[in-house]
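Dropping input02.cif in here (mmCIF, C-alpha atoms and all ligand atoms):
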data_run
loop_
_atom_site.label_atom_id
_atom_site.label_comp_id
_atom_site.auth_asym_id
_atom_site.auth_seq_id
_atom_site.Cartn_x
_atom_site.Cartn_y
_atom_site.Cartn_z
CA MET A 97 63.05 20.41 -22.61
CA SER A 98 63.71 17.75 -19.96
CA CYS A 99 64.16 18.38 -16.25
CA PHE A 100 65.77 16.23 -13.61
CA ALA A 101 66.33 16.79 -9.89
CA LEU A 102 69.67 16.30 -8.21
CA ILE A 103 69.66 16.03 -4.42
CA PRO A 104 73.08 16.36 -2.73
CA ALA A 105 72.76 14.17 0.38
CA ALA A 106 76.33 13.36 1.29
CA GLY A 107 76.75 15.74 4.21
CA SER A 108 77.45 14.71 7.78
CA GLY A 109 75.12 17.33 9.30
CA SER A 110 77.58 18.11 12.10
CA ARG A 111 75.61 21.20 13.23
CA MET A 112 72.73 18.92 14.26
CA GLY A 113 74.98 17.32 16.86
CA ALA A 114 73.55 13.83 16.10
CA ALA A 115 75.44 10.62 15.28
CA THR A 116 73.12 9.96 12.31
CA PRO A 117 73.54 12.34 9.33
CA LYS A 118 70.62 14.78 9.34
CA GLN A 119 69.15 13.51 6.07
CA TYR A 120 68.35 10.26 7.86
CA LEU A 121 66.94 11.73 11.09
CA ASP A 122 63.35 10.75 11.82
CA LEU A 123 60.73 13.17 10.54
CA LEU A 124 57.17 11.97 11.11
CA GLY A 125 58.17 8.30 10.97
CA LYS A 126 60.33 8.56 7.82
CA PRO A 127 63.92 9.65 7.21
CA LEU A 128 64.05 13.38 6.48
CA ILE A 129 65.26 12.79 2.92
CA TRP A 130 62.18 10.67 2.15
CA HIS A 131 60.05 13.83 2.34
CA THR A 132 62.49 15.65 0.03
CA VAL A 133 62.42 12.83 -2.53
CA ARG A 134 58.62 12.64 -2.31
CA ALA A 135 58.25 16.39 -3.02
CA LEU A 136 60.43 16.24 -6.15
CA ALA A 137 58.98 12.94 -7.37
CA ALA A 138 55.54 14.64 -7.27
CA VAL A 139 56.59 17.33 -9.77
CA PRO A 140 55.15 16.20 -13.15
CA GLU A 141 57.83 18.04 -15.20
CA ILE A 142 60.69 16.20 -13.42
CA GLU A 143 61.58 13.00 -15.26
CA ARG A 144 64.23 11.63 -12.90
CA VAL A 145 65.27 12.24 -9.31
CA CYS A 146 68.99 11.62 -8.65
CA VAL A 147 70.26 11.40 -5.08
CA VAL A 148 73.99 11.83 -4.38
CA ILE A 149 75.07 9.94 -1.27
CA SER A 150 78.47 9.35 0.24
CA PRO A 151 80.33 6.22 -0.99
CA GLY A 152 80.44 5.04 2.64
CA ASP A 153 76.74 5.71 3.35
CA GLU A 154 75.33 2.98 5.64
CA TRP A 155 71.77 4.31 5.90
CA TRP A 156 70.28 4.59 2.40
CA ASP A 157 69.86 0.83 1.93
CA CYS A 158 68.03 0.51 5.26
CA TYR A 159 64.91 1.97 3.61
CA ASP A 160 62.57 0.83 0.85
CA TRP A 161 62.55 3.34 -2.02
CA SER A 162 60.50 1.25 -4.45
CA GLU A 163 57.55 3.67 -4.35
CA PHE A 164 59.73 6.12 -6.30
CA PRO A 165 60.39 4.42 -9.68
CA ARG A 166 62.14 7.44 -11.21
CA LEU A 167 64.85 7.52 -8.53
CA GLN A 168 68.56 7.07 -9.32
CA VAL A 169 71.08 6.69 -6.47
CA LEU A 170 74.61 7.95 -7.13
CA ARG A 171 77.22 6.90 -4.57
CA CYS A 172 79.72 9.61 -5.45
CA GLY A 173 79.38 12.30 -2.78
CA GLY A 174 82.44 14.52 -2.25
CA ALA A 175 84.07 16.46 0.57
CA THR A 176 81.90 19.55 0.04
CA ARG A 177 78.37 20.18 -1.18
CA ALA A 178 79.71 21.64 -4.46
CA GLU A 179 81.87 18.55 -5.05
CA SER A 180 78.91 16.26 -4.40
CA VAL A 181 76.82 18.22 -6.89
CA LEU A 182 79.57 18.22 -9.53
CA ASN A 183 80.22 14.47 -9.13
CA GLY A 184 76.51 13.73 -9.33
CA LEU A 185 75.98 15.90 -12.41
CA ARG A 186 78.85 14.14 -14.17
CA VAL A 187 77.50 10.60 -13.67
CA ALA A 188 73.73 11.18 -13.86
CA THR A 189 72.34 9.55 -16.99
CA VAL A 190 70.85 12.72 -18.48
CA ALA A 191 71.61 14.99 -21.43
CA ASP A 192 73.86 18.07 -21.27
CA ASP A 193 71.11 20.48 -22.22
CA ASP A 194 68.64 19.05 -19.67
CA TRP A 195 67.66 21.36 -16.84
CA ALA A 196 69.16 20.27 -13.50
CA LEU A 197 67.17 21.28 -10.43
CA VAL A 198 69.63 20.97 -7.56
CA HIS A 199 67.84 20.74 -4.22
CA ASP A 200 69.24 20.25 -0.70
CA ALA A 201 68.23 16.98 0.96
CA ALA A 202 67.85 19.13 4.08
CA ARG A 203 64.82 21.04 2.68
CA PRO A 204 62.00 18.50 3.14
CA CYS A 205 59.09 21.00 3.11
CA LEU A 206 59.43 21.96 -0.56
CA GLU A 207 56.05 22.27 -2.29
CA PRO A 208 55.79 20.53 -5.71
CA GLU A 209 53.54 23.33 -7.07
CA HIS A 210 56.29 25.82 -6.33
CA VAL A 211 58.77 23.79 -8.38
CA SER A 212 56.34 23.55 -11.31
CA ALA A 213 55.88 27.34 -11.20
CA MET A 214 59.66 27.81 -11.18
CA ILE A 215 60.10 25.51 -14.19
CA ASP A 216 57.36 27.40 -15.99
CA GLU A 217 59.09 30.74 -15.32
CA LEU A 218 62.60 29.60 -16.29
CA ARG A 219 62.14 26.99 -19.04
CA ASP A 220 62.91 29.53 -21.80
CA ASP A 221 65.50 31.50 -19.81
CA ALA A 222 69.02 31.75 -21.22
CA VAL A 223 70.69 31.32 -17.81
CA GLY A 224 68.39 29.71 -15.23
CA GLY A 225 67.68 30.76 -11.67
CA ILE A 226 66.99 29.96 -8.07
CA LEU A 227 64.22 30.06 -5.51
CA ALA A 228 64.89 32.82 -2.97
CA VAL A 229 63.06 35.04 -0.48
CA PRO A 230 63.68 38.75 0.23
CA VAL A 231 65.54 39.35 3.50
CA ALA A 232 63.04 40.36 6.20
CA ASP A 233 65.28 41.09 9.20
CA THR A 234 67.52 44.10 9.83
CA LEU A 235 71.12 43.08 9.12
CA LYS A 236 74.06 43.96 11.40
CA ARG A 237 77.76 43.76 10.49
CA ALA A 238 79.71 42.49 13.54
CA ALA A 239 83.00 44.03 14.68
CA VAL A 240 85.52 42.91 17.33
CA GLY A 241 83.87 41.30 20.37
CA ASP A 242 80.56 41.02 18.54
CA ARG A 243 79.93 44.76 18.88
CA ILE A 244 77.87 46.14 16.00
CA ALA A 245 80.05 47.84 13.40
CA ARG A 246 77.12 49.03 11.31
CA THR A 247 73.66 48.27 9.95
CA GLU A 248 73.71 46.91 6.41
CA PRO A 249 70.99 48.09 4.03
CA ARG A 250 68.75 45.11 3.26
CA ASP A 251 67.23 46.62 0.12
CA GLY A 252 67.70 44.21 -2.75
CA LEU A 253 69.03 41.40 -0.55
CA TRP A 254 67.58 37.91 -0.94
CA GLN A 255 68.16 34.65 0.90
CA ALA A 256 69.02 31.87 -1.54
CA GLN A 257 67.05 28.63 -1.31
CA THR A 258 66.89 25.56 -3.51
CA PRO A 259 65.99 24.24 -6.06
CA GLN A 260 68.54 26.01 -8.22
CA MET A 261 67.86 25.39 -11.90
CA PHE A 262 70.60 25.43 -14.54
CA ARG A 263 71.47 23.50 -17.70
CA ARG A 264 73.44 20.42 -16.71
CA GLY A 265 76.39 21.02 -19.07
CA GLU A 266 76.69 24.71 -18.14
CA LEU A 267 76.56 23.92 -14.43
CA ILE A 268 79.27 21.25 -14.75
CA ALA A 269 81.51 23.74 -16.58
CA ALA A 270 80.90 26.48 -13.98
CA LEU A 271 81.47 24.22 -10.95
CA ALA A 272 84.57 22.62 -12.48
CA SER A 273 86.10 26.04 -13.24
CA PHE A 274 85.36 27.81 -9.98
CA MET A 275 85.31 25.04 -7.34
CA GLY A 276 86.39 26.55 -3.99
CA PRO A 277 85.21 27.60 -0.52
CA ASP A 278 83.19 30.57 -1.81
CA ILE A 279 81.02 28.34 -4.01
CA THR A 280 78.25 27.69 -1.49
CA ASP A 281 75.49 27.18 -4.05
CA GLU A 282 75.13 26.54 -7.78
CA ALA A 283 74.25 30.15 -8.60
CA SER A 284 77.55 31.41 -7.15
CA ALA A 285 79.47 29.33 -9.72
CA ILE A 286 77.25 30.55 -12.57
CA GLU A 287 77.67 34.18 -11.38
CA LYS A 288 81.46 33.80 -11.58
CA GLN A 289 80.99 33.25 -15.31
CA GLY A 290 79.52 36.75 -15.53
CA LEU A 291 75.95 35.49 -15.85
CA ALA A 292 72.96 36.73 -13.83
CA PRO A 293 70.63 33.96 -12.66
CA GLN A 294 66.96 34.86 -12.13
CA LEU A 295 65.56 35.20 -8.58
CA VAL A 296 62.26 33.35 -8.37
CA MET A 297 60.08 34.05 -5.31
CA GLY A 298 60.34 31.11 -2.91
CA SER A 299 58.46 30.37 0.30
CA PRO A 300 59.40 30.66 3.98
CA TRP A 301 58.05 27.10 4.41
CA ASN A 302 60.99 25.82 2.36
CA LEU A 303 63.31 25.96 5.37
CA LYS A 304 66.67 24.21 5.57
CA VAL A 305 67.00 21.82 8.50
CA THR A 306 70.32 22.78 10.10
CA TYR A 307 69.79 22.79 13.88
CA PRO A 308 67.66 20.43 16.06
CA GLN A 309 64.84 22.99 16.43
CA ASP A 310 64.50 23.14 12.61
CA LEU A 311 63.44 19.48 12.65
CA ARG A 312 60.53 20.33 14.96
CA LEU A 313 59.53 23.23 12.71
CA ALA A 314 59.66 20.98 9.63
CA ALA A 315 57.39 18.46 11.38
CA LEU A 316 54.88 21.21 12.21
CA ILE A 317 54.90 22.49 8.61
CA LEU A 318 54.36 19.02 7.13
CA GLN A 319 51.65 18.13 9.67
CA GLY A 320 49.80 21.34 8.82
CA ARG A 321 49.33 20.29 5.16
O1 LIG A 401 75.37 21.26 5.52
P1 LIG A 401 74.36 21.92 4.63
O2 LIG A 401 73.00 21.95 5.23
O3 LIG A 401 74.78 23.23 4.09
O4 LIG A 401 74.26 20.94 3.37
C1 LIG A 401 73.36 21.23 2.31
C2 LIG A 401 73.13 19.95 1.51
O5 LIG A 401 74.35 19.54 0.90
C3 LIG A 401 72.66 18.78 2.38
O6 LIG A 401 71.62 18.14 1.69
C4 LIG A 401 73.90 17.92 2.51
O7 LIG A 401 73.62 16.53 2.66
C5 LIG A 401 74.60 18.18 1.17
N1 LIG A 401 76.06 17.92 1.22
C6 LIG A 401 76.62 17.01 0.34
N2 LIG A 401 77.97 16.73 0.40
C7 LIG A 401 78.76 17.33 1.30
C8 LIG A 401 78.20 18.30 2.20
C9 LIG A 401 76.85 18.58 2.12
O8 LIG A 401 75.91 16.43 -0.49
N3 LIG A 401 80.04 17.01 1.35
#
Could you spell out this file's structure in structure tokens?
Amino acid sequence: MSCFALIPAAGSGSRMGAATPKQYLDLLGKPLIWHTVRALAAVPEIERVCVVISPGDEWWDCYDWSEFPRLQVLRCGGATRAESVLNGLRVATVADDDWALVHDAARPCLEPEHVSAMIDELRDDAVGGILAVPVADTLKRAAVGDRIARTEPRDGLWQAQTPQMFRRGELIAALASFMGPDITDEASAIEKQGLAPQLVMGSPWNLKVTYPQDLRLAALILQGR
């Protein structure tokens, strides 16, 4: 069994409100994505780390990546995250039955030990699975004018994180068949095939940097290690 990581990093990060895409924003003196690459490169089971960037990316080559010898850069990002992942999976030089661990560039606080534990749990699984955490807050359904329509039961609800781990060939087939606006992660495409990916307990530290305050939180988490 071989594992490789695929990092979609072709987004513009418009919700950050910065001119630089968020994967290149400064985080403790390095671009945010450097921390993401470092976490995955430190996982002993992962043989190759593939990064999908936009064909017009002007930032990647501004940095020295030579400390990561198992890194492959794929300049084939698409219009959506799912397209970037599908394009990257198609061109990555890996085998169809290899496990792909797809991980957002925007999650720089991933812990390598967590990824190893996930691989250990899923390596013999027929489907694959994702890191996720049970929903902690009370959930409200909004109605007109942002009035509360009702409280949704949170029992059995999980927040999906990444990595999401599926066989490369199966993930290509699922994404190619079901590409569309409701495919917001890899598991949603696999689910459309009638399969049930495994939920693997993630960590609240594995936050996704979306808004400016998330960058400050990520810095605090990394500094605390
Ligand atoms: O925007 P969001 O945080 O949901 O993006 C999640 C990940 O998907 C980010 O790492 C982003 O760079 C990536 N992405 C991509 N191609 C796109 C849009 C997003 O690789 N067209």
TODO: Have a look at atom CA of Ala115 of chain A and atom CA of Asp153 of chain A and let me know their distance in Å, one decimal.
DONE: 13.0 Å
Which residues sit within 9 Å of ligand LIG 401 (chain A), counting all atoms listed in the file, listed as a PDB file with C-alpha atoms, keeping the file's coordinate frame?
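File written: pocket.pdb
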ATOM      1  CA  ILE A 103      69.660  16.030  -4.420  1.00  0.00           C
ATOM      2  CA  PRO A 104      73.080  16.360  -2.730  1.00  0.00           C
ATOM      3  CA  ALA A 105      72.760  14.170   0.380  1.00  0.00           C
ATOM      4  CA  ALA A 106      76.330  13.360   1.290  1.00  0.00           C
ATOM      5  CA  GLY A 107      76.750  15.740   4.210  1.00  0.00           C
ATOM      6  CA  SER A 108      77.450  14.710   7.780  1.00  0.00           C
ATOM      7  CA  GLY A 109      75.120  17.330   9.300  1.00  0.00           C
ATOM      8  CA  SER A 110      77.580  18.110  12.100  1.00  0.00           C
ATOM      9  CA  ARG A 111      75.610  21.200  13.230  1.00  0.00           C
ATOM     10  CA  PRO A 117      73.540  12.340   9.330  1.00  0.00           C
ATOM     11  CA  LYS A 118      70.620  14.780   9.340  1.00  0.00           C
ATOM     12  CA  GLN A 119      69.150  13.510   6.070  1.00  0.00           C
ATOM     13  CA  ILE A 129      65.260  12.790   2.920  1.00  0.00           C
ATOM     14  CA  VAL A 147      70.260  11.400  -5.080  1.00  0.00           C
ATOM     15  CA  VAL A 148      73.990  11.830  -4.380  1.00  0.00           C
ATOM     16  CA  ILE A 149      75.070   9.940  -1.270  1.00  0.00           C
ATOM     17  CA  SER A 150      78.470   9.350   0.240  1.00  0.00           C
ATOM     18  CA  GLY A 173      79.380  12.300  -2.780  1.00  0.00           C
ATOM     19  CA  GLY A 174      82.440  14.520  -2.250  1.00  0.00           C
ATOM     20  CA  ALA A 175      84.070  16.460   0.570  1.00  0.00           C
ATOM     21  CA  THR A 176      81.900  19.550   0.040  1.00  0.00           C
ATOM     22  CA  ARG A 177      78.370  20.180  -1.180  1.00  0.00           C
ATOM     23  CA  ALA A 178      79.710  21.640  -4.460  1.00  0.00           C
ATOM     24  CA  GLU A 179      81.870  18.550  -5.050  1.00  0.00           C
ATOM     25  CA  SER A 180      78.910  16.260  -4.400  1.00  0.00           C
ATOM     26  CA  VAL A 181      76.820  18.220  -6.890  1.00  0.00           C
ATOM     27  CA  HIS A 199      67.840  20.740  -4.220  1.00  0.00           C
ATOM     28  CA  ASP A 200      69.240  20.250  -0.700  1.00  0.00           C
ATOM     29  CA  ALA A 201      68.230  16.980   0.960  1.00  0.00           C
ATOM     30  CA  ALA A 202      67.850  19.130   4.080  1.00  0.00           C
ATOM     31  CA  ARG A 203      64.820  21.040   2.680  1.00  0.00           C
ATOM     32  CA  THR A 280      78.250  27.690  -1.490  1.00  0.00           C
ATOM     33  CA  ASP A 281      75.490  27.180  -4.050  1.00  0.00           C
ATOM     34  CA  LYS A 304      66.670  24.210   5.570  1.00  0.00           C
ATOM     35  CA  VAL A 305      67.000  21.820   8.500  1.00  0.00           C
ATOM     36  CA  THR A 306      70.320  22.780  10.100  1.00  0.00           C
TER      37      THR A 306
END
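Between atom CA of Arg171 of chain A and atom CA of Pro151 of chain A the separation is 4.8 Å.
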Task: From A:Cys158, A:Leu235, A:Ala114, A:Leu170, residue lying nearest Lys126 of chain A [only C-alpha atoms] - done: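 That would be A:Cys158, the residue with the smallest distance to Lys126 of chain A.
Between atom CA of Ile215 of chain A and atom CA of Ile268 of chain A there is a distance of 19.6 Å.
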TODO: Pick out the residues sitting within 8 Å of segment 295-301 of chain A, and hand them over as JSON, numbers by chain; count all atoms listed in the file, and ignore anything fewer than 5 positions along from it in its own chain.
DONE: {"A": [205, 206, 210, 214, 225, 226, 227, 228, 229, 257, 317]}
Suppose we keep C-alpha atoms; can you now write the selection as an mmCIF file, in the frame of the given file?
data_model
loop_
_atom_site.group_PDB
_atom_site.id
_atom_site.type_symbol
_atom_site.label_atom_id
_atom_site.label_comp_id
_atom_site.auth_asym_id
_atom_site.auth_seq_id
_atom_site.Cartn_x
_atom_site.Cartn_y
_atom_site.Cartn_z
ATOM 1 C CA CYS A 205 59.090 21.000 3.110
ATOM 2 C CA LEU A 206 59.430 21.960 -0.560
ATOM 3 C CA HIS A 210 56.290 25.820 -6.330
ATOM 4 C CA MET A 214 59.660 27.810 -11.180
ATOM 5 C CA GLY A 225 67.680 30.760 -11.670
ATOM 6 C CA ILE A 226 66.990 29.960 -8.070
ATOM 7 C CA LEU A 227 64.220 30.060 -5.510
ATOM 8 C CA ALA A 228 64.890 32.820 -2.970
ATOM 9 C CA VAL A 229 63.060 35.040 -0.480
ATOM 10 C CA GLN A 257 67.050 28.630 -1.310
ATOM 11 C CA ILE A 317 54.900 22.490 8.610
#
Open item on the list: So, with all atoms listed in the file as the atoms that count, which of A:Val198, A:Ala315, A:Leu182, A:Ala232 lies closest to Pro259 of chain A?
Closed with: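 Closest residue, counting all atoms listed in the file: A:Val198.
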Task: Nearest to Ala135 of chain A, chosen from A:Asp221, A:Glu207, A:Asp160, A:Asp194, with all atoms listed in the file counted in the distances - done: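 Nearest to Ala135 of chain A: A:Glu207.
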Open item on the list: What's around Glu141 of chain A at 7 Å? Count all atoms listed in the file, leave out sequence neighbours fewer than 2 positions away in its own chain, and write the answer as a list in words.
Closed with: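 Once the adjacent positions are removed, what remains is Cys99, Val139, Glu143 and Ser212 of chain A.
The shortest atom-to-atom distance to Pro230 of chain A, with only C-alpha atoms taken into account, belongs to A:Arg250 out of A:His131, A:Arg263, A:Arg250, A:Arg243.
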Task: Nearest to Phe262 of chain A by atom-to-atom distance, counting only C-alpha atoms, from A:Val223, A:Leu167, A:Ala292, A:Ile279 - done: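 Checking each candidate against Phe262 of chain A, we get A:Val223 as the closest.
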Open item on the list: Would you pick out the contacts of Asp233 of chain A at 12 Å or less, using all atoms listed in the file, so that residues sharing its chain but fewer than 6 positions from it are not included, and give the list as number ranges by chain?
Closed with: A: 247-251, 253-255
Keeping C-alpha atoms, export the residues of the selection given above as a short mmCIF file (atom, residue, chain, number, x, y, z; two decimals), in the coordinates of the input.
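So the final result, stored in again_26.cif, reads:
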data_model
loop_
_atom_site.label_atom_id
_atom_site.label_comp_id
_atom_site.auth_asym_id
_atom_site.auth_seq_id
_atom_site.Cartn_x
_atom_site.Cartn_y
_atom_site.Cartn_z
CA THR A 247 73.66 48.27 9.95
CA GLU A 248 73.71 46.91 6.41
CA PRO A 249 70.99 48.09 4.03
CA ARG A 250 68.75 45.11 3.26
CA ASP A 251 67.23 46.62 0.12
CA LEU A 253 69.03 41.40 -0.55
CA TRP A 254 67.58 37.91 -0.94
CA GLN A 255 68.16 34.65 0.90
#
Task: Distance query Gln289 of chain A at most 12 Å, all atoms listed in the file, self and fewer than 2 positions along chain excluded, as a list in words - done: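 Near Gln289 of chain A, the qualifying residues are Val223, Glu266, Leu267, Ala269, Ala270, Leu271, Ala272, Ser273, Phe274, Glu282, Ala283, Ser284, Ala285, Ile286, Glu287, Leu291, Ala292 and Pro293 of chain A.
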Open item on the list: Quick one: residues within 12 Å of Leu316 of chain A, all atoms listed in the file, excluding same-chain residues fewer than 3 positions away - as a list of chain:residue names?
Closed with: A:Leu123, A:Leu124, A:Pro204, A:Cys205, A:Trp301, A:Leu303, A:Gln309, A:Asp310, A:Leu311, A:Arg312, A:Leu313, A:Gln319, A:Gly320, A:Arg321
Open item on the list: Please determine, counting only C-alpha atoms, which residue among A:Gly276, A:Gly152, A:Gly224, A:Pro165 has the shortest atom-to-atom distance to Trp195 of chain A.
Closed with: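 Smallest separation from Trp195 of chain A among the options: A:Gly224.
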Task: Sel. within 6 Å of pt (65.5, 17.5, -10.6), counting only C-alpha atoms, output as JSON, numbers by chain - done: {"A": [99, 100, 101, 102, 142, 145, 196, 197]}
